[in-house]
Structures are given as structure tokens and as C-alpha cells.
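One structure below.
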Amino acid sequence: MKSITFTQLSYIVAVFQTRNFGSAARACFISQPTLSMQIQKLENDLGVILFDRSKKPVEPTAIGRKVIEQAQISLQEVLRIEELIKAEKGEISGPFNLGIIPTLAPYLLPIFLEKFTTNYPGVRLIIEELQTPQIIKKLKEDQIDAGILATPLNINGIAEKPIFNEPFLAYLSPDHPLLSRGQLSENDLSLNDIWLLNEGHCFRDQAIEICKKIKGKGSKPRNLIFESGNLETLKRLVDQKFGYTLLPWLATLGMSTTEKKKKVRFFKAPIPAREVSIVYTRAYLKKSIIDALYKDIVSSLPKELKTSKIKERVIEISSFK
């Protein structure tokens, strides 16, 4: 059997990731005929068909999946050599693809991005806002280098590096009866008048987890049903005298003290919260960038999220796959 090249391996992985020969060629910065020719040559040398080209999108064959899985491992090992050299030279540079969930992105990114890009100008940071299942899928397929999301995931092959615990709080409509209370407990909540994110958001599942013990308790169910993919939309609905929603602590950073007193109620101990972590595959590359990112996020966090009081009083709500 003839030798397999690094280039051929990168081409078949690109097709697997994009499920399209044209898209894979563009991602590899070559023409589609060149990519197709190299993959066909590899198939001829191996004596197997790697992709079922009759399907749209393109799907790997059974043996193709096994070959691609090994190709991904081989490519990682080669890239690891580059990372070892960079680490030896003290370099923190190169492209870094990061996924982050929508309930963190608008609140966490502005806190640390300026500091990180200033400290590490050699890193080309590419950020995608993705739901948790998408981050997991892209990590497994080596389409992103790391993700920031709610943990624990407890998924084989994915490592978790906890950054902070983020408390939940209630955001209430102007005439909501719970505003008369200084602090809330989970038993004060109802699923009847809560606004939730739509399916696919782990924050939705975490909110239901908090309320599930008292399902059906509370006000008469409303005749308006709406689920959003955006916490800011839910806040606007609440402002129009429609029920309440739950928010992560960082979502209140832009609110004044007066506004918080009028709209927000915190929970009594133990405070429901979520663990936020950087996640990556166990065979991860770019360790120096992951460590630098972790360091800059932690150092940029508001002091309230660093205090031992919060860590001692929170009760973590499990993340959902």
C-alpha cells in the first residue's frame, strides 16, 4: 500500500466535517477537483470507498468512519508537535475556535475579550455562539478547540475546567406578588407564569429543574404561550407585566441598583446556581491558549463571583446534555 499523506487526511476530515466536497475544498483553500482527485487516489490506494457520494449531504461509509476517526487522531498528533514547539518557545499564538452558549455570550464575552486580545495579539480568536449540543458535537469533530458552557456534562472524552459558579435570580413583572418579598426560595416559584427559553437551551432545563418540585402551584395559567431563544426578549415581556423569568447573575450587570430593587429578587441559601466551565476534548491541543483564556476570564470576573460566600451558599443545578 502506498504512503498516506497528511494532506489527504486533512481533506477527508474536511469532507466529513462539512458533508460537502465543495465546502471542504473552500475550507482547505483548494479547488474541488483537486480535493476530489486526492480523496479518490487515497480510496484507490486503500482499496475502499470512504464516502457515499450518492447521498446529500455526503455521508462516510462504515469503513470510512473508522478511517476518518483514525485520521483525526493522526492529525491531532502531528499538530501536537507544533504545540510542543510553541510551548518550548513560550509562544501563545495561532487560530483558536471557541464556542459559547447564548445565555453566557452577551454577558461574559464583554468582560474579558479586550483583556485577552490585548494580552495575546498573536491569537486569532474565532467565536461562535452555539447551544450546548452543538458545542459537544463540534468538539468531538474537531471543528472547535474549546467551549464555554454550563457543566457538569459527564461526557466521556470531554474534559471540564470550572471557572465560576453563577447564581440564578428572579426577574419579576412590575406588579408581581413576589416583589413584596426580600428574598425568595424555590418553593415560591411556579411554572404557570414563568417565561422560558425554547428547547435546546440548557438554561431552560436548569430553570425547569428549579421549579419542577412545585409544578402547578401559583397563578392561573395564562392564555399566551411564547418561548424565546433570547433572555433579553423574555425580560422585555416581563417588563410588560407578564409573569417572571429566571436570569443568570451576569445578565444583571447592566442594571442600576434602583432597577434591581424594582425588578430583581435573589434567592435565600442554598442559592440555585450553575457551574460555568471551559470544556475541551481530553486529547486537546493548544493547552497554552486554553490556560491563558482561563486565566484572563477568572481575573476579569466581577468580585461578587469570586467571593467564598457565593461558593459556600450555592447549590449547583445539573447541566443537561
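Following the order of the C-alpha cells, first chain is A, next is B, and so on, with residues numbered from 1 inside each chain and ligands from 1 in the order they appear.
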| task | Would you list the contacts of A:Glu69 as a PyMOL selection string, taking every protein, DNA or RNA residue within 12 Å and counting only C-alpha atoms, but skipping same-chain residues closer than 3 positions in sequence? | result | chain A and resi 9-10+12-13+16-17+50+60+62-66+72-76+140-142
Output the selection as a CSV table (one decimal), in the first residue's frame - N, CA, C and O atoms for each residue.
```
chain,number,residue,atom,x,y,z
A,9,LEU,N,-5.3,13.2,4.6
A,9,LEU,CA,-6.0,13.0,5.8
A,9,LEU,C,-6.8,14.3,6.1
A,9,LEU,O,-8.0,14.2,6.6
A,10,SER,N,-6.2,15.4,5.9
A,10,SER,CA,-6.9,16.7,6.2
A,10,SER,C,-8.1,16.9,5.3
A,10,SER,O,-9.1,17.4,5.7
A,12,ILE,N,-10.0,14.4,3.9
A,12,ILE,CA,-11.1,13.6,4.2
A,12,ILE,C,-11.8,14.0,5.5
A,12,ILE,O,-13.0,13.9,5.6
A,13,VAL,N,-11.1,14.6,6.4
A,13,VAL,CA,-11.7,15.1,7.6
A,13,VAL,C,-12.5,16.4,7.3
A,13,VAL,O,-13.6,16.6,7.9
A,16,PHE,N,-15.7,15.2,5.9
A,16,PHE,CA,-16.6,14.7,7.0
A,16,PHE,C,-17.2,15.8,7.8
A,16,PHE,O,-18.4,15.7,8.2
A,17,GLN,N,-16.5,16.9,8.1
A,17,GLN,CA,-17.0,18.0,8.9
A,17,GLN,C,-18.0,18.8,8.1
A,17,GLN,O,-19.0,19.2,8.7
A,50,LEU,N,-14.5,5.6,0.9
A,50,LEU,CA,-14.6,6.3,2.2
A,50,LEU,C,-15.9,7.1,2.3
A,50,LEU,O,-16.4,7.3,3.4
A,60,PRO,N,-20.1,9.4,5.2
A,60,PRO,CA,-19.0,8.4,5.2
A,60,PRO,C,-19.6,7.0,5.2
A,60,PRO,O,-20.6,6.8,5.8
A,62,ALA,N,-19.2,2.9,6.3
A,62,ALA,CA,-18.9,2.3,7.6
A,62,ALA,C,-17.4,2.3,7.8
A,62,ALA,O,-16.9,2.7,8.8
A,63,ILE,N,-16.7,1.8,6.8
A,63,ILE,CA,-15.2,1.8,6.9
A,63,ILE,C,-14.6,3.2,6.9
A,63,ILE,O,-13.6,3.5,7.5
A,64,GLY,N,-15.3,4.1,6.1
A,64,GLY,CA,-14.9,5.5,6.0
A,64,GLY,C,-14.9,6.1,7.4
A,64,GLY,O,-14.0,6.9,7.7
A,65,ARG,N,-15.9,5.9,8.2
A,65,ARG,CA,-16.0,6.4,9.6
A,65,ARG,C,-14.8,6.0,10.4
A,65,ARG,O,-14.2,6.8,11.2
A,66,LYS,N,-14.4,4.7,10.3
A,66,LYS,CA,-13.3,4.2,11.1
A,66,LYS,C,-12.0,4.9,10.6
A,66,LYS,O,-11.1,5.3,11.4
A,72,GLN,N,-8.4,11.7,12.3
A,72,GLN,CA,-8.4,12.8,13.2
A,72,GLN,C,-7.4,12.7,14.3
A,72,GLN,O,-6.8,13.7,14.7
A,73,ILE,N,-7.2,11.5,14.8
A,73,ILE,CA,-6.2,11.2,15.8
A,73,ILE,C,-4.8,11.5,15.3
A,73,ILE,O,-4.0,12.2,16.0
A,74,SER,N,-4.6,11.1,14.1
A,74,SER,CA,-3.2,11.3,13.5
A,74,SER,C,-3.0,12.8,13.3
A,74,SER,O,-1.8,13.2,13.5
A,75,LEU,N,-4.0,13.5,12.8
A,75,LEU,CA,-3.8,14.9,12.6
A,75,LEU,C,-3.5,15.6,13.9
A,75,LEU,O,-2.7,16.6,14.0
A,76,GLN,N,-4.2,15.2,14.9
A,76,GLN,CA,-4.0,15.8,16.3
A,76,GLN,C,-2.6,15.6,16.7
A,76,GLN,O,-2.0,16.5,17.3
A,140,LYS,N,-16.2,17.1,19.4
A,140,LYS,CA,-15.9,15.7,19.0
A,140,LYS,C,-15.4,15.6,17.6
A,140,LYS,O,-14.7,14.7,17.3
A,141,GLU,N,-15.9,16.5,16.7
A,141,GLU,CA,-15.5,16.5,15.3
A,141,GLU,C,-14.3,17.5,15.0
A,141,GLU,O,-14.0,17.7,13.9
A,142,ASP,N,-13.7,18.0,16.1
A,142,ASP,CA,-12.5,18.9,16.0
A,142,ASP,C,-12.8,20.1,15.2
A,142,ASP,O,-11.9,20.7,14.5
```
Which neighbours of A:Ile136 fall inside 9 Å, counting only C-alpha atoms, when residues of the same chain fewer than 4 positions from it are skipped, and could you give them as a PDB file with C-alpha atoms, in the first residue's frame?
```
ATOM      1  CA  GLN A 131     -26.136  25.680  22.053  1.00  0.00           C
ATOM      2  CA  THR A 132     -24.645  23.005  24.286  1.00  0.00           C
ATOM      3  CA  LYS A 140     -15.941  15.742  19.023  1.00  0.00           C
ATOM      4  CA  GLU A 141     -15.485  16.516  15.325  1.00  0.00           C
ATOM      5  CA  GLY A 147     -16.332  25.670  24.578  1.00  0.00           C
ATOM      6  CA  ILE A 155     -19.370  13.025  28.747  1.00  0.00           C
ATOM      7  CA  ILE A 158     -14.582  15.786  27.171  1.00  0.00           C
ATOM      8  CA  VAL A 279     -14.566  22.324  28.054  1.00  0.00           C
ATOM      9  CA  TYR A 280     -12.329  20.598  25.536  1.00  0.00           C
ATOM     10  CA  LYS A 321     -26.939  17.083  27.543  1.00  0.00           C
TER      11      LYS A 321
END
```
| said: Excluding A:Lys262 and its own-chain neighbours fewer than 2 positions away, which residues fall within 8 Å of it when counting only C-alpha atoms? Please give them as an MDAnalysis selection string. | reply: chainID A and resid 174 179 258:260 264
Residues of the last selection are to be written out with C-alpha atoms, as a PDB file, in the first residue's frame.
```pdb
ATOM      1  CA  PRO A 174     -43.887  45.374  37.978  1.00  0.00           C
ATOM      2  CA  LEU A 179     -41.804  41.599  44.727  1.00  0.00           C
ATOM      3  CA  THR A 258     -32.634  51.080  41.689  1.00  0.00           C
ATOM      4  CA  GLU A 259     -33.715  48.915  38.765  1.00  0.00           C
ATOM      5  CA  LYS A 260     -32.597  45.778  40.565  1.00  0.00           C
ATOM      6  CA  VAL A 264     -34.985  41.520  40.802  1.00  0.00           C
TER       7      VAL A 264
END
```
| request: Identify, on the basis of only C-alpha atoms, every residue whose closest approach to stretch 291-306 of chain A does not exceed 10 Å; exclude the query and any residue fewer than 4 positions from it along the same chain; express the result as a PyMOL selection string. | output: chain A and resi 92+108-117+119-120+161-167+249-250+253+277-278+286-287+310-311
Residue selection dump (N, CA and C atoms) as a PDB file, in the first residue's frame:
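Result went into result_6.pdb, see below:
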```
ATOM      1  N   ILE A  92       2.359  32.004  22.558  1.00  0.00           N
ATOM      2  CA  ILE A  92       0.916  31.775  22.648  1.00  0.00           C
ATOM      3  C   ILE A  92       0.313  32.455  21.429  1.00  0.00           C
ATOM      4  N   LEU A 108     -20.758  37.476  29.302  1.00  0.00           N
ATOM      5  CA  LEU A 108     -19.392  37.114  29.694  1.00  0.00           C
ATOM      6  C   LEU A 108     -18.342  37.649  28.723  1.00  0.00           C
ATOM      7  N   LEU A 109     -18.613  37.583  27.425  1.00  0.00           N
ATOM      8  CA  LEU A 109     -17.604  37.994  26.444  1.00  0.00           C
ATOM      9  C   LEU A 109     -17.114  39.437  26.652  1.00  0.00           C
ATOM     10  N   PRO A 110     -18.018  40.415  26.872  1.00  0.00           N
ATOM     11  CA  PRO A 110     -17.533  41.794  27.056  1.00  0.00           C
ATOM     12  C   PRO A 110     -16.628  41.978  28.279  1.00  0.00           C
ATOM     13  N   ILE A 111     -16.692  41.045  29.208  1.00  0.00           N
ATOM     14  CA  ILE A 111     -15.909  41.164  30.437  1.00  0.00           C
ATOM     15  C   ILE A 111     -14.424  40.899  30.198  1.00  0.00           C
ATOM     16  N   PHE A 112     -14.113  39.918  29.330  1.00  0.00           N
ATOM     17  CA  PHE A 112     -12.709  39.505  29.220  1.00  0.00           C
ATOM     18  C   PHE A 112     -12.083  39.678  27.844  1.00  0.00           C
ATOM     19  N   LEU A 113     -12.891  39.912  26.790  1.00  0.00           N
ATOM     20  CA  LEU A 113     -12.343  39.908  25.435  1.00  0.00           C
ATOM     21  C   LEU A 113     -11.255  40.956  25.208  1.00  0.00           C
ATOM     22  N   GLU A 114     -11.477  42.174  25.669  1.00  0.00           N
ATOM     23  CA  GLU A 114     -10.491  43.227  25.445  1.00  0.00           C
ATOM     24  C   GLU A 114      -9.159  42.859  26.105  1.00  0.00           C
ATOM     25  N   LYS A 115      -9.235  42.363  27.322  1.00  0.00           N
ATOM     26  CA  LYS A 115      -8.020  41.988  28.040  1.00  0.00           C
ATOM     27  C   LYS A 115      -7.284  40.859  27.333  1.00  0.00           C
ATOM     28  N   PHE A 116      -8.025  39.837  26.906  1.00  0.00           N
ATOM     29  CA  PHE A 116      -7.379  38.685  26.274  1.00  0.00           C
ATOM     30  C   PHE A 116      -6.743  39.062  24.945  1.00  0.00           C
ATOM     31  N   THR A 117      -7.460  39.800  24.103  1.00  0.00           N
ATOM     32  CA  THR A 117      -6.908  40.159  22.796  1.00  0.00           C
ATOM     33  C   THR A 117      -5.722  41.112  22.923  1.00  0.00           C
ATOM     34  N   ASN A 119      -3.602  41.084  25.623  1.00  0.00           N
ATOM     35  CA  ASN A 119      -2.512  40.284  26.188  1.00  0.00           C
ATOM     36  C   ASN A 119      -1.906  39.308  25.188  1.00  0.00           C
ATOM     37  N   TYR A 120      -2.737  38.826  24.255  1.00  0.00           N
ATOM     38  CA  TYR A 120      -2.279  37.790  23.324  1.00  0.00           C
ATOM     39  C   TYR A 120      -2.624  38.165  21.880  1.00  0.00           C
ATOM     40  N   LYS A 161     -13.046  22.306  32.838  1.00  0.00           N
ATOM     41  CA  LYS A 161     -12.217  23.146  33.716  1.00  0.00           C
ATOM     42  C   LYS A 161     -13.123  24.240  34.294  1.00  0.00           C
ATOM     43  N   PRO A 162     -13.684  24.034  35.492  1.00  0.00           N
ATOM     44  CA  PRO A 162     -14.625  25.006  36.069  1.00  0.00           C
ATOM     45  C   PRO A 162     -14.001  26.390  36.242  1.00  0.00           C
ATOM     46  N   ILE A 163     -14.796  27.431  35.896  1.00  0.00           N
ATOM     47  CA  ILE A 163     -14.330  28.820  36.011  1.00  0.00           C
ATOM     48  C   ILE A 163     -14.988  29.509  37.198  1.00  0.00           C
ATOM     49  N   PHE A 164     -16.318  29.428  37.279  1.00  0.00           N
ATOM     50  CA  PHE A 164     -17.023  30.081  38.385  1.00  0.00           C
ATOM     51  C   PHE A 164     -18.419  29.484  38.530  1.00  0.00           C
ATOM     52  N   ASN A 165     -19.037  29.719  39.679  1.00  0.00           N
ATOM     53  CA  ASN A 165     -20.436  29.378  39.915  1.00  0.00           C
ATOM     54  C   ASN A 165     -21.268  30.650  39.756  1.00  0.00           C
ATOM     55  N   GLU A 166     -22.315  30.563  38.943  1.00  0.00           N
ATOM     56  CA  GLU A 166     -23.146  31.741  38.678  1.00  0.00           C
ATOM     57  C   GLU A 166     -24.546  31.551  39.271  1.00  0.00           C
ATOM     58  N   PRO A 167     -24.914  32.349  40.262  1.00  0.00           N
ATOM     59  CA  PRO A 167     -26.250  32.236  40.859  1.00  0.00           C
ATOM     60  C   PRO A 167     -27.359  32.603  39.878  1.00  0.00           C
ATOM     61  N   TRP A 249     -26.819  35.462  36.920  1.00  0.00           N
ATOM     62  CA  TRP A 249     -26.362  36.662  37.625  1.00  0.00           C
ATOM     63  C   TRP A 249     -25.727  37.690  36.692  1.00  0.00           C
ATOM     64  N   LEU A 250     -24.930  37.255  35.730  1.00  0.00           N
ATOM     65  CA  LEU A 250     -24.236  38.188  34.840  1.00  0.00           C
ATOM     66  C   LEU A 250     -25.198  39.016  33.996  1.00  0.00           C
ATOM     67  N   LEU A 253     -25.724  42.739  35.171  1.00  0.00           N
ATOM     68  CA  LEU A 253     -24.599  43.665  35.331  1.00  0.00           C
ATOM     69  C   LEU A 253     -24.911  45.070  34.825  1.00  0.00           C
ATOM     70  N   SER A 277     -17.878  26.412  32.890  1.00  0.00           N
ATOM     71  CA  SER A 277     -16.561  25.822  32.665  1.00  0.00           C
ATOM     72  C   SER A 277     -16.091  26.016  31.232  1.00  0.00           C
ATOM     73  N   ILE A 278     -14.775  25.908  31.048  1.00  0.00           N
ATOM     74  CA  ILE A 278     -14.198  25.712  29.722  1.00  0.00           C
ATOM     75  C   ILE A 278     -14.131  24.211  29.498  1.00  0.00           C
ATOM     76  N   LYS A 286      -3.444  22.971  21.957  1.00  0.00           N
ATOM     77  CA  LYS A 286      -3.480  24.393  22.290  1.00  0.00           C
ATOM     78  C   LYS A 286      -3.676  24.631  23.786  1.00  0.00           C
ATOM     79  N   LYS A 287      -2.980  23.844  24.583  1.00  0.00           N
ATOM     80  CA  LYS A 287      -3.098  23.959  26.033  1.00  0.00           C
ATOM     81  C   LYS A 287      -2.728  25.354  26.519  1.00  0.00           C
ATOM     82  N   ILE A 310     -20.382  33.198  47.985  1.00  0.00           N
ATOM     83  CA  ILE A 310     -21.212  32.634  46.924  1.00  0.00           C
ATOM     84  C   ILE A 310     -20.897  31.152  46.763  1.00  0.00           C
ATOM     85  N   LYS A 311     -19.610  30.788  46.764  1.00  0.00           N
ATOM     86  CA  LYS A 311     -19.229  29.401  46.577  1.00  0.00           C
ATOM     87  C   LYS A 311     -19.789  28.522  47.688  1.00  0.00           C
TER      88      LYS A 311
END
```
| query | as JSON, numbers by chain, which residues of stretch 61-185 of chain A does DSSP assign to helix (DSSP H, G or I)? | reply | {"A": [62, 63, 64, 65, 66, 67, 68, 69, 70, 71, 72, 73, 74, 75, 76, 77, 78, 79, 80, 81, 82, 83, 84, 85, 86, 87, 88, 89, 105, 106, 107, 108, 109, 110, 111, 112, 113, 114, 115, 116, 117, 118, 119, 132, 133, 134, 135, 136, 137, 138, 139, 140, 177, 178, 179, 180]}
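Minimum distance to A:Ser180 across A:Lys263, A:Glu91, A:Met37, A:Leu196 (counting only C-alpha atoms) occurs at A:Lys263.
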| query | Out of A:Ser54, A:Ser31, A:Ser185, A:Asn97, which residue has the shortest atom-to-atom distance to A:Ile290 when counting only C-alpha atoms? | reply |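 Under the stated criterion, the closest residue is A:Asn97.
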| message | Write out as a VMD selection string the set of residues from stretch 97-184 of chain A that DSSP, computed on the backbone, places in strand (DSSP E or B). | response | chain A and resid 97 to 100 123 to 129 146 to 151 158 to 172 183 to 184
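Distances to A:Ile126 were evaluated for A:Gly254, A:Gly99, A:Pro152, A:Pro106 using only C-alpha atoms, and the minimum falls at A:Gly99.
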| task | Considering only C-alpha atoms, return as a PyMOL selection string whatever protein or nucleic-acid residues lie within 8 Å of stretch 243-248 of chain A, sequence-local ones (same chain, fewer than 3 positions apart) excluded. | result | chain A and resi 103+166-173+176+193-196+207+231+234-235+238+251-252+273
| said: Please report the interatomic distance between atom CA of A:Gly157 and atom CA of A:Ile101 in Å with one decimal. | reply: 19.8 Å
| field | Distance query stretch 24-28 of chain A at most 6 Å, only C-alpha atoms, self and fewer than 6 positions along chain excluded, as a list in words | value | Ala14, Val15 and Thr18 of chain A
